[in-house]
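Below is protein-v4.cif, which holds mmCIF, C-alpha atoms.
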data_target
loop_
_atom_site.label_atom_id
_atom_site.label_comp_id
_atom_site.auth_asym_id
_atom_site.auth_seq_id
_atom_site.Cartn_x
_atom_site.Cartn_y
_atom_site.Cartn_z
CA MET A 1 115.53 77.22 89.43
CA ASN A 2 116.12 80.92 89.41
CA SER A 3 119.29 82.89 89.16
CA PRO A 4 120.27 85.00 92.20
CA ARG A 5 117.13 86.05 94.04
CA GLN A 6 118.11 88.85 96.35
CA LEU A 7 117.49 92.37 95.18
CA ASN A 8 120.97 93.06 96.63
CA CYS A 9 123.11 92.02 93.68
CA MET A 10 121.02 90.81 90.82
CA ILE A 11 118.20 93.28 90.31
CA LEU A 12 120.50 95.70 88.57
CA CYS A 13 123.69 93.64 88.78
CA SER A 14 125.64 96.56 90.16
CA SER A 15 127.40 97.16 93.44
CA ALA A 16 126.25 100.77 93.25
CA ILE A 17 122.68 99.62 93.57
CA LEU A 18 123.53 97.83 96.80
CA SER A 19 124.08 101.20 98.37
CA SER A 20 120.80 102.70 97.25
CA LEU A 21 118.20 100.02 97.82
CA ALA A 22 116.21 102.28 100.08
CA CYS A 23 116.01 104.95 97.40
CA TYR A 24 115.36 102.37 94.75
CA ALA A 25 112.52 100.89 96.78
CA ASN A 26 110.50 104.07 96.85
CA GLY A 27 111.59 106.03 93.80
CA GLN A 28 113.84 108.57 95.51
CA SER A 29 117.17 109.90 94.35
CA LYS A 30 119.90 107.26 94.16
CA GLU A 31 122.44 109.48 95.91
CA PRO A 32 123.01 108.79 99.62
CA ILE A 33 121.14 111.49 101.50
CA ASP A 34 121.57 110.36 105.11
CA PRO A 35 124.06 108.41 107.24
CA GLY A 36 121.94 105.27 106.97
CA GLN A 37 122.19 105.24 103.20
CA THR A 38 125.90 105.98 103.43
CA ALA A 39 126.26 102.89 105.62
CA LEU A 40 124.27 100.87 103.07
CA GLN A 41 126.54 102.19 100.33
CA HIS A 42 129.58 100.85 102.15
CA GLY A 43 127.95 97.51 102.97
CA ASP A 44 127.84 98.26 106.69
CA TYR A 45 124.34 96.93 107.22
CA PRO A 46 124.44 96.60 111.04
CA SER A 47 125.39 100.28 111.29
CA ALA A 48 122.62 101.17 108.85
CA GLU A 49 120.18 99.26 111.04
CA THR A 50 121.35 101.16 114.12
CA LEU A 51 121.06 104.52 112.37
CA TYR A 52 117.55 103.82 111.09
CA ARG A 53 116.40 102.61 114.50
CA GLN A 54 117.73 105.86 115.98
CA ALA A 55 115.91 107.88 113.32
CA LEU A 56 112.69 106.00 114.02
CA ARG A 57 112.81 107.08 117.65
CA GLN A 58 112.38 110.63 116.39
CA ASN A 59 109.83 109.70 113.72
CA PRO A 60 108.33 106.32 114.65
CA GLY A 61 105.58 106.39 112.04
CA SER A 62 107.76 107.05 109.00
CA SER A 63 106.99 104.49 106.31
CA GLU A 64 110.14 105.48 104.44
CA LEU A 65 112.39 104.95 107.47
CA LEU A 66 110.72 101.62 108.22
CA THR A 67 111.37 100.56 104.64
CA ASP A 68 115.00 101.63 104.97
CA LEU A 69 115.27 99.63 108.18
CA GLY A 70 113.71 96.62 106.49
CA ILE A 71 116.30 96.80 103.71
CA ALA A 72 119.15 96.98 106.22
CA LEU A 73 117.74 93.89 107.92
CA GLN A 74 117.14 92.16 104.59
CA MET A 75 120.76 92.69 103.62
CA GLN A 76 121.82 90.89 106.81
CA GLY A 77 119.67 87.89 105.92
CA ARG A 78 117.19 88.58 108.72
CA SER A 79 114.03 87.95 106.75
CA THR A 80 111.54 87.76 109.62
CA ASP A 81 112.73 91.07 111.06
CA ALA A 82 112.66 92.62 107.58
CA ILE A 83 109.12 91.35 107.02
CA HIS A 84 108.00 92.97 110.26
CA ALA A 85 109.56 96.31 109.26
CA PHE A 86 107.97 96.26 105.79
CA GLU A 87 104.58 95.35 107.24
CA GLN A 88 104.81 98.28 109.67
CA ALA A 89 105.78 100.59 106.82
CA LEU A 90 102.73 99.60 104.81
CA LYS A 91 100.26 100.21 107.62
CA SER A 92 100.21 103.95 107.08
CA LYS A 93 101.16 104.38 103.41
CA ASN A 94 100.82 102.50 100.13
CA LEU A 95 104.36 102.05 98.82
CA PRO A 96 104.35 99.61 95.88
CA ARG A 97 108.04 98.79 96.07
CA THR A 98 107.91 98.25 99.82
CA TYR A 99 105.02 95.89 99.13
CA ALA A 100 107.22 94.10 96.59
CA LEU A 101 110.09 93.86 99.05
CA LEU A 102 107.69 92.28 101.54
CA ALA A 103 106.50 89.77 98.95
CA GLU A 104 110.10 88.93 98.07
CA GLU A 105 110.95 88.16 101.69
CA LYS A 106 107.85 86.00 102.11
CA CYS A 107 108.86 84.05 99.03
CA LYS A 108 112.40 83.72 100.32
CA VAL A 109 111.29 82.08 103.58
CA ARG A 110 108.74 79.80 101.86
CA ASP A 111 105.63 81.62 103.06
CA LEU A 112 103.77 80.58 99.92
CA ASP A 113 100.30 81.38 101.30
CA GLY A 114 101.42 84.92 102.01
CA ALA A 115 103.52 85.48 98.90
CA ARG A 116 101.28 84.06 96.18
CA PRO A 117 98.38 86.59 96.31
CA MET A 118 100.86 89.44 96.68
CA LEU A 119 102.74 88.37 93.57
CA LYS A 120 99.49 88.09 91.63
CA LYS A 121 98.57 91.62 92.67
CA ILE A 122 101.99 93.00 91.74
CA ILE A 123 102.04 91.55 88.22
CA ARG A 124 98.44 92.71 87.72
CA ASP A 125 98.72 96.23 89.12
CA ASN A 126 102.38 97.15 88.56
CA ALA A 127 103.24 95.64 85.19
CA GLY A 128 104.34 99.06 83.97
CA ASP A 129 106.79 99.56 86.85
CA ALA A 130 109.94 97.65 85.98
CA ARG A 131 111.66 98.52 89.26
CA THR A 132 108.85 96.96 91.27
CA ILE A 133 108.70 93.92 89.00
CA ALA A 134 112.48 93.47 89.29
CA ILE A 135 112.22 93.00 93.04
CA VAL A 136 109.89 90.01 92.81
CA ALA A 137 110.57 88.58 89.34
CA PRO A 138 112.58 85.53 90.55
CA CYS A 139 109.74 84.57 92.90
CA TYR A 140 107.36 83.57 90.14
CA LEU A 141 109.32 80.48 89.11
CA ASP A 142 109.93 79.62 92.76
CA LEU A 143 106.16 79.51 93.24
CA ASP A 144 105.54 77.59 90.00
CA GLU A 145 103.89 80.53 88.26
CA PRO A 146 105.62 80.33 84.84
CA VAL A 147 103.09 82.43 82.92
CA ASP A 148 103.47 85.32 85.36
CA SER A 149 107.23 84.81 85.18
CA VAL A 150 107.08 85.27 81.41
CA LYS A 151 105.13 88.48 81.95
CA ALA A 152 107.64 89.74 84.53
CA TYR A 153 110.78 89.12 82.48
CA THR A 154 109.15 90.47 79.33
CA VAL A 155 108.73 93.74 81.24
CA LEU A 156 112.35 93.64 82.41
CA LEU A 157 113.67 92.82 78.95
CA ARG A 158 112.30 96.17 77.79
CA ASP A 159 113.85 98.08 80.69
CA ASP A 160 117.28 99.62 80.09
CA SER A 161 118.25 99.54 83.78
CA TYR A 162 117.94 95.74 84.08
CA PRO A 163 120.80 93.59 82.74
CA HIS A 164 119.74 92.54 79.27
CA ASP A 165 121.58 89.22 79.32
CA LEU A 166 120.02 88.26 82.65
CA ALA A 167 116.56 89.18 81.37
CA LEU A 168 117.05 87.03 78.26
CA ILE A 169 118.17 83.99 80.24
CA GLN A 170 115.45 84.33 82.86
CA LEU A 171 112.85 84.81 80.14
CA SER A 172 114.14 81.65 78.45
CA LYS A 173 113.74 79.71 81.70
CA SER A 174 110.27 81.16 82.16
CA TYR A 175 109.15 80.15 78.68
CA LEU A 176 110.58 76.66 79.20
CA ALA A 177 108.65 76.29 82.46
CA ALA A 178 105.55 77.61 80.70
CA ALA A 179 105.96 75.02 77.93
CA GLN A 180 106.16 72.26 80.53
CA TYR A 181 103.10 73.67 82.28
CA PHE A 182 101.03 73.74 79.08
CA VAL A 183 102.14 70.24 78.05
CA ALA A 184 101.04 68.92 81.44
CA LYS A 185 97.66 70.63 80.99
CA LEU A 186 97.41 69.25 77.46
CA LYS A 187 97.97 65.67 78.59
CA GLU A 188 95.00 65.95 80.94
CA LEU A 189 92.60 66.34 77.99
CA SER A 190 91.11 63.35 76.20
CA ASP A 191 91.47 64.80 72.69
CA SER A 192 95.15 65.70 72.90
CA GLU A 193 96.81 62.58 71.44
CA ALA A 194 97.73 64.11 68.07
CA TYR A 195 99.26 67.17 69.71
CA VAL A 196 101.18 65.24 72.36
CA THR A 197 102.53 62.97 69.62
CA ALA A 198 103.65 65.96 67.53
CA LEU A 199 105.47 67.45 70.51
CA GLY A 200 107.09 64.11 71.33
CA GLU A 201 108.38 63.69 67.79
CA ALA A 202 109.65 67.27 67.52
CA SER A 203 113.12 66.34 68.79
CA THR A 204 113.63 64.09 65.77
CA SER A 205 111.43 65.78 63.16
CA GLY A 206 112.50 69.28 64.14
CA ASP A 207 108.95 70.53 63.62
CA PRO A 208 106.85 70.99 66.77
CA ARG A 209 104.22 72.70 64.61
CA SER A 210 103.49 69.56 62.60
CA ALA A 211 100.01 69.26 64.12
CA PHE A 212 99.02 72.86 63.37
CA PRO A 213 96.83 71.73 60.42
CA VAL A 214 94.97 69.37 62.77
CA ALA A 215 94.51 72.19 65.28
CA GLN A 216 93.17 74.52 62.62
CA ARG A 217 90.59 71.95 61.47
CA THR A 218 89.37 71.07 64.95
CA SER A 219 89.32 74.41 66.79
CA SER A 220 87.66 77.65 65.75
CA ASN A 221 89.77 79.39 68.41
CA PHE A 222 93.06 78.39 66.80
CA HIS A 223 94.89 81.01 64.72
CA PRO A 224 98.36 79.84 63.65
CA ASP A 225 99.94 83.29 63.28
CA LEU A 226 99.14 84.65 66.73
CA GLY A 227 101.83 85.25 69.34
CA PHE A 228 102.05 84.10 72.95
CA ASP A 229 100.06 86.94 74.56
CA ALA A 230 97.20 86.76 72.07
CA VAL A 231 96.87 82.97 72.32
CA LEU A 232 97.07 83.16 76.10
CA THR A 233 94.21 85.67 76.16
CA ILE A 234 92.03 83.34 74.05
CA TRP A 235 92.99 80.29 76.12
CA ASN A 236 91.99 82.05 79.34
CA GLN A 237 88.46 82.06 77.91
CA HIS A 238 88.63 78.48 76.53
CA GLN A 239 90.83 76.52 78.92
CA HIS A 240 89.70 73.09 77.72
CA ASP A 241 90.68 73.77 74.11
CA SER A 242 93.49 71.31 73.44
CA ALA A 243 94.52 73.09 70.23
CA LEU A 244 95.25 76.28 72.18
CA LEU A 245 97.24 74.41 74.82
CA TYR A 246 99.26 72.77 72.09
CA GLN A 247 99.90 76.13 70.44
CA LEU A 248 100.96 77.70 73.74
CA ALA A 249 103.34 74.80 74.41
CA VAL A 250 104.89 75.19 70.95
CA ILE A 251 105.26 78.97 71.16
CA SER A 252 106.71 78.74 74.68
CA GLY A 253 109.32 76.21 73.61
CA GLU A 254 110.28 78.25 70.56
CA GLN A 255 110.56 81.44 72.57
CA SER A 256 112.70 79.72 75.19
CA MET A 257 115.22 78.70 72.51
CA ARG A 258 115.01 82.12 70.87
CA GLN A 259 116.03 83.96 74.04
CA VAL A 260 119.08 81.72 74.48
CA GLU A 261 120.08 82.30 70.87
CA LEU A 262 119.83 86.06 71.30
CA CYS A 263 121.88 85.99 74.50
CA SER A 264 124.53 83.80 72.85
CA GLN A 265 124.79 86.22 69.94
CA GLN A 266 124.77 89.44 71.94
CA TYR A 267 126.46 88.40 75.19
CA PRO A 268 128.66 85.33 74.55
CA ASP A 269 130.60 85.94 77.79
CA SER A 270 127.52 86.40 79.99
CA PRO A 271 127.78 84.61 83.35
CA SER A 272 124.00 84.12 83.21
CA LEU A 273 124.40 82.27 79.90
CA ALA A 274 127.24 80.19 81.33
CA GLN A 275 125.16 79.33 84.38
CA LEU A 276 122.29 78.17 82.18
CA LYS A 277 124.64 75.87 80.29
CA PHE A 278 125.86 74.35 83.55
CA GLU A 279 122.28 73.82 84.69
CA MET A 280 121.58 72.03 81.40
CA LEU A 281 124.61 69.80 81.98
CA ALA A 282 123.21 68.89 85.38
CA ASP A 283 119.81 68.11 83.85
CA GLN A 284 121.61 65.74 81.46
CA GLY A 285 123.21 63.92 84.40
CA ARG A 286 126.66 65.44 83.86
CA GLU A 287 126.89 66.65 87.43
CA ASP A 288 130.67 66.81 87.76
CA GLN A 289 130.91 69.17 84.81
CA ALA A 290 128.03 71.26 86.13
CA VAL A 291 129.52 71.61 89.60
CA SER A 292 132.94 72.38 88.14
CA GLY A 293 131.32 75.08 86.02
CA PHE A 294 129.59 76.63 89.00
CA GLU A 295 132.85 76.62 90.97
CA GLY A 296 134.56 78.34 88.05
CA LEU A 297 131.90 81.04 87.97
CA LEU A 298 132.31 81.54 91.71
CA HIS A 299 135.99 82.20 91.09
CA THR A 300 135.63 84.43 88.01
CA HIS A 301 132.52 86.32 89.15
CA PRO A 302 132.82 86.90 92.90
CA GLU A 303 130.38 89.79 92.54
CA LEU A 304 127.60 87.21 92.13
CA PRO A 305 127.51 85.70 95.63
CA ASP A 306 124.20 83.89 95.09
CA LEU A 307 125.80 81.43 92.70
CA ARG A 308 126.45 78.97 95.53
CA HIS A 309 122.83 79.25 96.60
CA ASP A 310 121.82 78.59 93.01
CA LEU A 311 123.90 75.42 93.03
CA GLY A 312 121.95 74.28 96.07
CA MET A 313 118.71 75.15 94.30
CA LEU A 314 119.86 73.12 91.30
CA TYR A 315 120.33 70.08 93.53
CA ARG A 316 116.93 70.84 95.05
CA LYS A 317 115.32 70.87 91.62
CA GLN A 318 116.85 67.46 90.95
CA HIS A 319 115.74 66.15 94.38
CA GLN A 320 119.34 65.48 95.36
CA TRP A 321 118.61 66.53 98.89
CA ASP A 322 121.87 65.37 100.51
CA LYS A 323 123.87 67.56 98.13
CA ALA A 324 121.46 70.45 98.50
CA LEU A 325 121.72 70.20 102.28
CA ALA A 326 125.53 70.37 102.13
CA VAL A 327 125.44 73.51 99.99
CA PHE A 328 122.85 75.29 102.13
CA ARG A 329 124.68 74.38 105.33
CA ASP A 330 127.86 75.81 103.88
CA GLU A 331 125.95 78.97 102.97
CA LEU A 332 124.49 79.21 106.48
CA SER A 333 127.91 78.78 108.08
CA THR A 334 129.06 81.89 106.20
CA ASN A 335 126.19 83.94 107.63
CA PRO A 336 124.37 82.24 110.55
CA LYS A 337 121.68 84.96 110.40
CA ASP A 338 120.72 84.11 106.82
CA GLU A 339 117.11 82.93 107.10
CA ARG A 340 116.90 81.99 103.45
CA ALA A 341 119.72 79.48 103.84
CA ALA A 342 118.28 78.25 107.15
CA ALA A 343 114.88 77.70 105.56
CA ARG A 344 116.48 75.63 102.81
CA VAL A 345 118.47 73.57 105.32
CA SER A 346 115.20 72.88 107.10
CA GLU A 347 113.45 71.90 103.87
CA ALA A 348 116.27 69.50 102.93
CA LEU A 349 116.21 67.82 106.34
CA ASP A 350 112.44 67.47 106.00
CA GLN A 351 112.74 65.87 102.57
CA LEU A 352 115.40 63.49 103.90
CA LEU A 353 113.06 62.50 106.78
CA ARG A 354 115.76 63.35 109.31
CA TRP A 355 113.23 64.32 111.94
CA THR A 356 115.40 64.39 115.07
CA GLU A 357 118.03 66.47 113.33
CA LEU A 358 115.34 68.79 112.00
CA ARG A 359 113.78 69.25 115.44
CA ASP A 360 117.14 69.98 117.03
CA PHE A 361 118.01 72.44 114.25
CA LEU A 362 114.75 74.38 114.60
CA ALA A 363 114.02 74.29 118.33
CA PRO A 364 116.53 77.09 119.15
CA ARG A 365 114.82 79.29 116.54
CA VAL A 366 111.49 79.33 118.40
CA HIS A 367 110.99 82.74 120.01
CA GLN A 368 107.99 84.01 121.91
CA GLY A 369 105.79 85.91 119.44
CA GLU A 370 108.45 86.15 116.72
CA THR A 371 108.90 82.60 115.44
CA PRO A 372 109.05 82.59 111.62
CA LEU A 373 106.22 80.72 109.92
CA TRP A 374 108.53 78.30 108.16
CA VAL A 375 110.06 77.33 111.52
CA VAL A 376 106.61 76.70 113.01
CA LEU A 377 105.48 74.49 110.13
CA ASP A 378 108.67 72.46 109.78
CA LEU A 379 109.17 72.00 113.51
CA ALA A 380 105.55 70.93 114.00
CA GLU A 381 105.97 68.30 111.29
CA ALA A 382 109.15 67.00 112.90
CA GLN A 383 107.44 66.84 116.28
CA GLU A 384 104.48 64.96 114.84
CA GLN A 385 106.74 62.46 113.09
CA LEU A 386 108.61 61.92 116.36
CA GLY A 387 105.37 61.26 118.25
CA GLU A 388 105.44 64.63 120.00
CA THR A 389 101.90 65.49 118.91
CA ARG A 390 101.03 67.63 121.91
CA GLN A 391 104.09 69.80 121.38
CA ALA A 392 103.17 70.21 117.70
CA ILE A 393 99.62 71.26 118.57
CA SER A 394 100.87 73.73 121.17
CA LEU A 395 103.32 75.27 118.71
CA LEU A 396 100.71 75.64 115.98
CA SER A 397 98.04 76.94 118.35
CA ASN A 398 100.38 79.68 119.54
CA ALA A 399 101.17 80.49 115.91
CA GLU A 400 97.49 81.10 115.08
CA SER A 401 97.54 84.51 116.74
CA LYS A 402 100.67 85.54 114.82
CA TYR A 403 99.57 84.04 111.48
CA PRO A 404 95.74 84.02 111.67
CA SER A 405 95.28 83.80 107.89
CA SER A 406 97.81 81.01 107.26
CA ARG A 407 96.05 78.11 105.59
CA ALA A 408 99.03 75.89 106.34
CA VAL A 409 98.76 76.48 110.10
CA HIS A 410 95.02 75.79 110.11
CA PHE A 411 95.39 72.71 107.89
CA ARG A 412 98.06 71.22 110.16
CA LEU A 413 95.89 71.83 113.21
CA LEU A 414 92.88 70.28 111.49
CA HIS A 415 94.94 67.19 110.72
CA LEU A 416 96.35 66.93 114.25
CA TYR A 417 93.00 67.46 115.96
CA ARG A 418 91.49 64.71 113.84
CA SER A 419 94.37 62.37 114.63
CA THR A 420 93.98 62.95 118.36
CA GLY A 421 90.20 62.65 118.33
CA GLU A 422 89.54 66.30 119.32
CA THR A 423 86.38 66.53 117.28
CA ALA A 424 85.17 69.94 118.41
CA LYS A 425 88.48 71.61 117.61
CA ALA A 426 88.74 69.80 114.27
CA THR A 427 85.24 70.99 113.40
CA ALA A 428 86.19 74.57 114.26
CA GLU A 429 89.19 74.37 111.92
CA ALA A 430 87.04 72.89 109.15
CA LYS A 431 84.57 75.75 109.52
CA TRP A 432 87.44 78.22 109.25
CA PHE A 433 88.29 76.80 105.82
CA LYS A 434 84.66 77.02 104.69
CA ARG A 435 84.65 80.72 105.52
CA GLN A 436 87.68 81.44 103.35
CA PRO A 437 87.20 82.84 99.83
CA GLY A 438 88.06 80.61 96.90
#

Rewrite the coordinates I just gave you, this time as structure tokens.
Amino acid sequence: MNSPRQLNCMILCSSAILSSLACYANGQSKEPIDPGQTALQHGDYPSAETLYRQALRQNPGSSELLTDLGIALQMQGRSTDAIHAFEQALKSKNLPRTYALLAEEKCKVRDLDGARPMLKKIIRDNAGDARTIAIVAPCYLDLDEPVDSVKAYTVLLRDDSYPHDLALIQLSKSYLAAAQYFVAKLKELSDSEAYVTALGEASTSGDPRSAFPVAQRTSSNFHPDLGFDAVLTIWNQHQHDSALLYQLAVISGEQSMRQVELCSQQYPDSPSLAQLKFEMLADQGREDQAVSGFEGLLHTHPELPDLRHDLGMLYRKQHQWDKALAVFRDELSTNPKDERAAARVSEALDQLLRWTELRDFLAPRVHQGETPLWVVLDLAEAQEQLGETRQAISLLSNAESKYPSSRAVHFRLLHLYRSTGETAKATAEAKWFKRQPG
């Protein structure tokens, strides 16, 4: 689970940044230079939206104004509208931070097909641009991309404008997720028993490196003194080398602990550190203490409004969907326009198999030509489960023109056409998949 995701408060952990997101997005001066940015500075996002729409009437093709408009919409929780504005901005000009803002919104509303390749491109092409990386950094763990998350927070740890304590904690979480990823990969290999045993005994022996001598004897690729990046580079060329996977798991675990130690030493009062401790309590089954800790942080750090969302995400991580649903509903009641919260309410209802409730929650959100992708997918599933197959097919078919490259839409249609015996249409969907790269 990530700490607060929105660029709004946590990218630079400063209320001043809230007022200058438009400038921040495209590398301009941070001082308000127009009425729209003044409105952003004062948190009056509806007025900022109005001002930018007025400005766009005079200059409808301005990528910068469209980005500003997208930020004003983003700050109101209107992700689909923000996505549309960012997409329009990018049609005429390549703006890396606008591209990152678009990827962030896609991640926020669970458009994984759309977000994943964008995030890969950003970490590949913009690794030297900390401001761009900061926008999307929390998305990498959301999309189960721990190695890219390590890369992102390593960049941010070196950047003076990003909160150092937050970078340390997020890097710790990234390394921990990476360790889990490499252990899972390791267990898939037939020659991994000695390494898996060494990792399993590390909690009692205190030495996760106990199998390094075995690794050195069995793999010519293994070099015990190399760091994470160097070993990762070698492993990318030898992905079935169990010794390298073992080494990556060990280094990742050690680095995760190291970042927490550094944060504890340098920032003992960090709310990010406190939040991590409460998450660990929850992982240990001490939920009452964890929730109490989160509530305390909400009281002592009101400038971090995403803490309640993070509590919901903690329940989500633990598959406690009833509790997650309650948190996300509470969040949505505070701002009914918040698509991120709405998408999480929908996901929780889906996981709880509450199909009628899910259908009734989503049906009012269907709009001609502007229905968010997550609404289409979740509503179609609810309709299918309720025996409303024709309605599901109609909804997805209409969505094809809006989201022609969505694998999820095409996969759902393929499944439904097969279930209804519409062979020709199912064949057409199968051919679509064969034409796709990768």

- Message: Which residues, named as in the file, does the PyMOL selection byres ((chain A and resi 115-118) around 8) pick out? Answer as a PyMOL selection string.
- Response: chain A and resi 100+103-104+106-107+111-114+119-122+143

- Task: Go through A:Leu304, A:Ala215, A:Val250, A:Ala392 and flag the residue nearest Ser272 in chain A, using only C-alpha atoms for the distances.
- Result: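 Among the listed residues, A:Leu304 lies closest to Ser272 in chain A.
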
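With CA of Gly70 in chain A on one side and CA of Phe86 in chain A on the other, the separation reads 5.8 Å.
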
- Run the PyMOL selection byres ((chain A and resi 153) around 7) mentally over the shown coordinates, then write out the matched residues as a list in words, using the chain letters and numbers from the document. Ala137, Ser149, Val150, Lys151, Ala152, Thr154, Val155, Leu156, Leu157, Ala167, Gln170 and Leu171 of chain A

File dump, residues just selected, C-alpha atoms, as a PDB file, in the coordinates of the input:
ATOM      1  CA  ALA A 137     110.570  88.580  89.340  1.00  0.00           C
ATOM      2  CA  SER A 149     107.230  84.810  85.180  1.00  0.00           C
ATOM      3  CA  VAL A 150     107.080  85.270  81.410  1.00  0.00           C
ATOM      4  CA  LYS A 151     105.130  88.480  81.950  1.00  0.00           C
ATOM      5  CA  ALA A 152     107.640  89.740  84.530  1.00  0.00           C
ATOM      6  CA  THR A 154     109.150  90.470  79.330  1.00  0.00           C
ATOM      7  CA  VAL A 155     108.730  93.740  81.240  1.00  0.00           C
ATOM      8  CA  LEU A 156     112.350  93.640  82.410  1.00  0.00           C
ATOM      9  CA  LEU A 157     113.670  92.820  78.950  1.00  0.00           C
ATOM     10  CA  ALA A 167     116.560  89.180  81.370  1.00  0.00           C
ATOM     11  CA  GLN A 170     115.450  84.330  82.860  1.00  0.00           C
ATOM     12  CA  LEU A 171     112.850  84.810  80.140  1.00  0.00           C
TER      13      LEU A 171
END

- Message: Need the shell around Pro364 in chain A: protein/DNA/RNA residues with any atom at most 12 Å away, counting all atoms listed in the file. Skip same-chain ones fewer than 6 positions apart. Format as a VMD selection string?
- Response: chain A and resid 358 371 to 372 375 to 376 379

- Task: Name the residues within 8 Å of (108.9, 79.5, 77.5), counting only C-alpha atoms in the file's coordinates, and put them as a list of chain:residue names.
- Result: A:Val150, A:Leu171, A:Ser172, A:Lys173, A:Ser174, A:Tyr175, A:Leu176, A:Ala177, A:Ala178, A:Ala179, A:Ala249, A:Ile251, A:Ser252, A:Gly253, A:Glu254, A:Gln255, A:Ser256

- Once the PyMOL selection byres ((chain A and resi 349) around 12) has been applied to the shown file, what residues remain in the selection, as a PyMOL selection string? chain A and resi 316+320-326+328-329+342-348+350-362+378-379+381-382

- Do you have the CA of Leu386 in chain A-CA of Ser406 in chain A distance handy? 23.7 Å

- Item | Counting only C-alpha atoms, the option among A:Ser219, A:Ser203, A:Glu87, A:Leu248 closest to Tyr181 in chain A | A:Leu248

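Among A:His299, A:Lys185, A:His319, A:Arg390, the residue with the shortest atom-to-atom distance to Leu245 in chain A, counting only C-alpha atoms, is A:Lys185.
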
- Task: Could you please determine the separation between CA of Phe212 in chain A and CA of Ala184 in chain A in Å, to one decimal place?
- Result: 18.6 Å

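Of the listed residues (A:Gln266, A:Met75, A:Leu298, A:Glu370), A:Met75 comes nearest to Asp44 in chain A; the distances count only C-alpha atoms.
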
- Item | Counting only C-alpha atoms, the residue of A:Asp165, A:Glu339, A:Glu295, A:Asp306 that sits nearest Ser270 in chain A | A:Asp165

- Option closest in space to Ser242 in chain A, from A:Thr218, A:Thr204, A:Thr427, A:Asn398 [counting only C-alpha atoms]: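 Ranking A:Thr218, A:Thr204, A:Thr427, A:Asn398 by distance to Ser242 in chain A, first place goes to A:Thr218.
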